[in-house]
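Each remark here refers to the structure printed beneath this line.
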Amino acid sequence: MPPGRRITVTTSARLRPTRAETRWRPGGTPPAFTAEALAELVRRVRDPIHVIRCESTGGLGLAVGGEFAPGGSGPEFTLLGTVPGMYPEWLGDRGFCEAHSVRFPYVAGEMANGIATVGMVSEMARAEMISFFGAGGLSFDAVERGTAQLKENVGDVANWGVNLIHSPQEPELENRVAGLLLSQRVPIVSASAFMDLTPAVVRCAVSGLTATPDGQVRRRTRVFAKVSRPEVAERFMAPAPPRILDHLVAHGEITRHEAELAARVPVAEDITVESDSGGHTDNRPLGALLPAILGLRDKIAREHPGMPRVRVGAAGGLGTPDAVASAFALGAAYVVTGSVNQVAREAGLSDEAKRMLAAADLADVTMAPAADMFELGVKLQVLRRGTMFAARAAQLYDAYVGHSGLDDIPAELRRRIERDVLGASFEQIWQLTERFWQQRDPSELTRAARDTKHRMALVFRWYLGNSSRWAIDGNPERRTDYQIWCGPAMGAFNRWVAGSFLADPAERTVVQIAYNLVEGAAALTRAHQLRTYGVPVPDRSFVFPPRRLA
């Protein structure tokens, strides 16, 4: 709005200036009052746009350019205010882009098992956005190779990172991966699926802390924490607990000075609120969850005056410009996408699995037992259409809950599981399982030797773990067993891109998807702004068809 001018909305929904009126005179572009003309001007997102009133009709319209004149006689159009241009770079919290040296407040999330590939992260870094390598579920050696390749690809830029996933069944792997990320100076660590703080994630947050001469604490490694519960968010928003810091100091993993500095900063300065999403999810709606976490952030800030401000982003269900715009309208500092990036060319998923995702609609998802937290009963959201994975995984979990070991399973149930789910006998699967854990963590076999229920869990987890690998590799013999992590955002995305260039799999790059989502969110935000001022913005302005963007 021009300085000194304030706009109010009367009960007749007409805008009126509160001070001396200013008249507007057309220049090269005539004012817009019809639906077609209004839609054309609303599309000019980056131009300042004037809200005007036609004195002869009383109608509200839009205009660009032109000249201004004092009130009184003269032009028949009264200027009610000017809305500045809207850029996708301006969505969210400007401090986020400054803190991470990026152009857009947009993150491509860490799809596990390397589905978020080195190539995907590299492309996003070059496009001045953030992405995380999907290290969850990979072996230590695979994470090490991926991290090394990323460092070679992106050079000195710091807008990329690697996922550290909570591994309650494999705490030693979690610790080793944390140590690797620190030793390789990975600039950002995305902590996901944590139910509580662990020494590994705290170590990532506080290692390398230093103090500047003016007393500010500087981080060497920045931590993004993905959360879906307020009690978990609170732990990441506050300073690390002394008991964990003391443990890390005692084991020589951080210095006493770093522990002292850790008391002055939150564990994570970027908290991603994950609503109904693919993979691990609590299925919470963003409209309820994000405001609650924002309020919690403000409460903690009052309790810790002087502590750096925590930025809160949004994830889950973000597959269209409308959803992205709504997340920013709710107060998100940045957005994180996941499910929709699996259909990108750079995604580490087979062409067949991508075709299955491209056919998904809103309701074609369901919950299924998670491989990494099988014994805890944790579930994740997966694609239902075209695969029997969810039903078969549920059958395994029911057998696990109801029996003390493999030998306790009735013969008929055992035959069904071996024939319809595993595709092999329990003995054959155990041989494969034993070979796997001998290489990854022999202590699991030691435990299984004395605990028949744990042995059963390892056999069933063989299916859960391999089902995602079959989808990644495109194993045609196990197509009905594909485990594809997916939320309802995928169905919304498919409806949005239908008939557009993004319907072509060859055109679906992670960067084009990102550009269209943020550009569309900016366009819809502008349309909403103008509608709140009483302008009769046509419905077509709230639709953003995908287009090739540079």
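Scheme for the structure tokens: letters A, B, ... for chains in order shown; per-chain residue numbers from 1; ligand numbers from 1 in order shown.
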If you run DSSP on the backbone, which residues of region 5-227 of chain A are helix (DSSP H, G or I), as a VMD selection string? chain A and resid 35 to 42 88 to 90 94 to 100 118 to 126 140 to 154 171 to 183 199 to 206
Which residues come within 7 Å of Val365 (chain A), counting only C-alpha atoms, excluding same-chain residues fewer than 3 positions away, as an mmCIF file with C-alpha atoms, in the first residue's frame?
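Dumped everything to part-v4.cif:
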```cif
data_model
loop_
_atom_site.group_PDB
_atom_site.id
_atom_site.type_symbol
_atom_site.label_atom_id
_atom_site.label_comp_id
_atom_site.auth_asym_id
_atom_site.auth_seq_id
_atom_site.Cartn_x
_atom_site.Cartn_y
_atom_site.Cartn_z
ATOM 1 C CA GLN A 381 1.530 -44.801 4.898
ATOM 2 C CA VAL A 382 1.926 -46.604 1.593
ATOM 3 C CA LEU A 383 0.344 -46.934 -1.812
ATOM 4 C CA ARG A 384 -2.612 -49.327 -1.792
ATOM 5 C CA CYS A 486 2.940 -42.485 -0.401
ATOM 6 C CA GLY A 487 0.504 -39.995 1.098
ATOM 7 C CA PRO A 488 -2.664 -38.400 -0.329
#
```
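Nearest residue to Ile52 (chain A), choosing from A:Ala158, A:Ile165, A:Ala288, A:Leu530 and counting only C-alpha atoms: A:Leu530.
The spacing separating CA of Gly331 (chain A) from CA of Leu294 (chain A) amounts to 8.0 Å.
When only C-alpha atoms are used to measure the gap to Leu261 (chain A), the shortest distance among A:Arg218, A:Arg243, A:Lys226, A:Arg311 belongs to A:Arg218.
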Enumerate the residues of region 305-481 of chain A with a DSSP assignment of strand (DSSP E or B), computed from the backbone, and present them as a PyMOL selection string. chain A and resi 311-315+335-337+365-369+379-383
Would you save the residues of that selection, restricted to C-alpha atoms, as a JSON list (two decimals), in the first residue's frame?
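Result written to result_24.json:
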```json
[["chain", "number", "residue", "atom", "x", "y", "z"],
["A", 311, "ARG", "CA", 11.85, -21.58, 12.26],
["A", 312, "VAL", "CA", 8.89, -23.92, 11.77],
["A", 313, "GLY", "CA", 8.19, -25.47, 8.37],
["A", 314, "ALA", "CA", 5.45, -27.72, 7.02],
["A", 315, "ALA", "CA", 5.44, -31.14, 5.38],
["A", 335, "VAL", "CA", 7.72, -26.28, 2.98],
["A", 336, "VAL", "CA", 9.00, -29.83, 2.51],
["A", 337, "THR", "CA", 7.70, -32.12, -0.23],
["A", 365, "VAL", "CA", -3.21, -45.03, 0.24],
["A", 366, "THR", "CA", -3.34, -46.98, 3.48],
["A", 367, "MET", "CA", -1.36, -47.72, 6.64],
["A", 368, "ALA", "CA", 0.97, -50.71, 7.02],
["A", 369, "PRO", "CA", 3.53, -52.00, 9.57],
["A", 379, "LYS", "CA", 2.93, -47.93, 10.96],
["A", 380, "LEU", "CA", 3.65, -45.96, 7.82],
["A", 381, "GLN", "CA", 1.53, -44.80, 4.90],
["A", 382, "VAL", "CA", 1.93, -46.60, 1.59],
["A", 383, "LEU", "CA", 0.34, -46.93, -1.81]]
```
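By chain and then residue number, the residues within 7 Å of Ser122 (chain A) are Val118, Gly119, Met120, Met124, Ala125, Arg126, Leu150, Asn153 and Val154 of chain A, counting only C-alpha atoms and disregarding those fewer than 2 positions away in sequence.
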Keeping only N, CA and C atoms, write those residues as a compact mmCIF listing (two decimals), in the first residue's frame.
```txt
# COMPACT_ATOMS: atom_id res chain seq x y z
N VAL A 118 21.46 -39.06 -4.87
CA VAL A 118 22.52 -38.06 -4.98
C VAL A 118 22.21 -37.08 -6.10
N GLY A 119 21.70 -37.60 -7.23
CA GLY A 119 21.36 -36.72 -8.34
C GLY A 119 20.26 -35.74 -8.01
N MET A 120 19.26 -36.18 -7.27
CA MET A 120 18.17 -35.29 -6.87
C MET A 120 18.69 -34.17 -5.97
N MET A 124 18.78 -30.03 -6.90
CA MET A 124 18.13 -29.05 -6.04
C MET A 124 19.13 -28.02 -5.52
N ALA A 125 20.33 -28.46 -5.19
CA ALA A 125 21.35 -27.53 -4.72
C ALA A 125 21.70 -26.52 -5.81
N ARG A 126 21.80 -26.99 -7.04
CA ARG A 126 22.12 -26.08 -8.15
C ARG A 126 20.99 -25.10 -8.40
N LEU A 150 28.11 -36.74 -3.11
CA LEU A 150 27.46 -35.44 -2.99
C LEU A 150 28.48 -34.31 -2.82
N ASN A 153 29.91 -33.58 -6.08
CA ASN A 153 28.98 -32.96 -7.03
C ASN A 153 28.71 -31.49 -6.74
N VAL A 154 28.49 -31.14 -5.49
CA VAL A 154 27.99 -29.80 -5.16
C VAL A 154 29.09 -28.82 -4.79
```
Residue among A:Pro31, A:Pro239, A:Ser228, A:Pro536 lying closest to His304 (chain A), counting only C-alpha atoms: A:Pro239
Long-range neighbours of Ala135 (chain A) as a PyMOL selection string, 12 Å cut-off, only C-alpha atoms, 4 positions minimum in chain: chain A and resi 109-118+121+139-147+161-167+173-174+177-178+180-181+189-192+348
Need the shell around Gly85 (chain A): protein/DNA/RNA residues with any atom at most 6 Å away, counting only C-alpha atoms. Skip same-chain ones fewer than 3 positions apart. Format as a list in words? Val45, Arg46, Asp47 and Pro48 of chain A
Output N, CA and C atoms of each residue in that selection to a file, as a compact mmCIF listing (two decimals), in the first residue's frame.
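Generated file (part_2.txt):
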```
# COMPACT_ATOMS: atom_id res chain seq x y z
N VAL A 45 1.63 -11.55 -11.53
CA VAL A 45 1.92 -11.70 -10.11
C VAL A 45 3.05 -10.76 -9.66
N ARG A 46 4.02 -10.54 -10.51
CA ARG A 46 5.19 -9.77 -10.08
C ARG A 46 5.03 -8.25 -10.24
N ASP A 47 3.92 -7.81 -10.82
CA ASP A 47 3.69 -6.37 -11.01
C ASP A 47 2.92 -5.78 -9.83
N PRO A 48 3.27 -4.58 -9.39
CA PRO A 48 2.39 -3.88 -8.44
C PRO A 48 1.03 -3.66 -9.10
```
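Remark: for Pro545 (chain A), the closest of the candidate residues A:Ala498, A:Ala514, A:Ala327, A:Ala263 is A:Ala498 (distances computed over only C-alpha atoms).
You can rank A:Tyr515, A:Phe389, A:Trp430, A:Phe33 by their closest distance to Trp470 (chain A) using only C-alpha atoms, and at the top of that list sits A:Phe389.
Closest approach to Gln184 (chain A) among A:Gly317, A:Asp196, A:Thr221, A:Pro505: A:Thr221, based on only C-alpha atoms.
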Any idea what's packed within 10 Å of Val206 (chain A), counting only C-alpha atoms, ignoring anything in its chain fewer than 6 positions away? Could you give it as a PyMOL selection string? chain A and resi 218-223+239-240+245+254-255+258-263+265-268
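Counting from CA of Leu349 (chain A), the distance to CA of Arg469 (chain A) is 9.0 Å.
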Could you name the residues that touch Ser500 (chain A) at 10 Å or less, counting only C-alpha atoms, but leaving out those on the same chain fewer than 3 positions away, as a PDB file with N, CA and C atoms, in the first residue's frame?
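Result file follows (result_30.pdb):
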```
ATOM      1  N   TRP A 496      -3.773 -32.560 -10.439  1.00  0.00           N
ATOM      2  CA  TRP A 496      -3.306 -31.229 -10.835  1.00  0.00           C
ATOM      3  C   TRP A 496      -2.568 -31.258 -12.176  1.00  0.00           C
ATOM      4  N   VAL A 497      -1.704 -32.237 -12.384  1.00  0.00           N
ATOM      5  CA  VAL A 497      -0.858 -32.243 -13.581  1.00  0.00           C
ATOM      6  C   VAL A 497      -1.533 -32.893 -14.779  1.00  0.00           C
ATOM      7  N   ALA A 503       2.426 -34.212 -16.930  1.00  0.00           N
ATOM      8  CA  ALA A 503       1.852 -35.553 -17.023  1.00  0.00           C
ATOM      9  C   ALA A 503       2.804 -36.500 -17.740  1.00  0.00           C
ATOM     10  N   ASP A 504       3.771 -35.952 -18.468  1.00  0.00           N
ATOM     11  CA  ASP A 504       4.765 -36.749 -19.179  1.00  0.00           C
ATOM     12  C   ASP A 504       5.902 -37.101 -18.223  1.00  0.00           C
ATOM     13  N   PRO A 545      -2.320 -23.918 -13.719  1.00  0.00           N
ATOM     14  CA  PRO A 545      -1.890 -25.080 -14.516  1.00  0.00           C
ATOM     15  C   PRO A 545      -0.369 -25.140 -14.584  1.00  0.00           C
ATOM     16  N   PRO A 546       0.234 -26.327 -14.501  1.00  0.00           N
ATOM     17  CA  PRO A 546       1.684 -26.438 -14.608  1.00  0.00           C
ATOM     18  C   PRO A 546       2.193 -25.887 -15.938  1.00  0.00           C
ATOM     19  N   ARG A 547       3.365 -25.308 -15.894  1.00  0.00           N
ATOM     20  CA  ARG A 547       3.988 -24.757 -17.096  1.00  0.00           C
ATOM     21  C   ARG A 547       5.498 -24.892 -16.987  1.00  0.00           C
ATOM     22  N   ARG A 548       6.195 -24.898 -18.114  1.00  0.00           N
ATOM     23  CA  ARG A 548       7.654 -24.982 -18.088  1.00  0.00           C
ATOM     24  C   ARG A 548       8.219 -23.674 -17.554  1.00  0.00           C
TER      25      ARG A 548
END
```
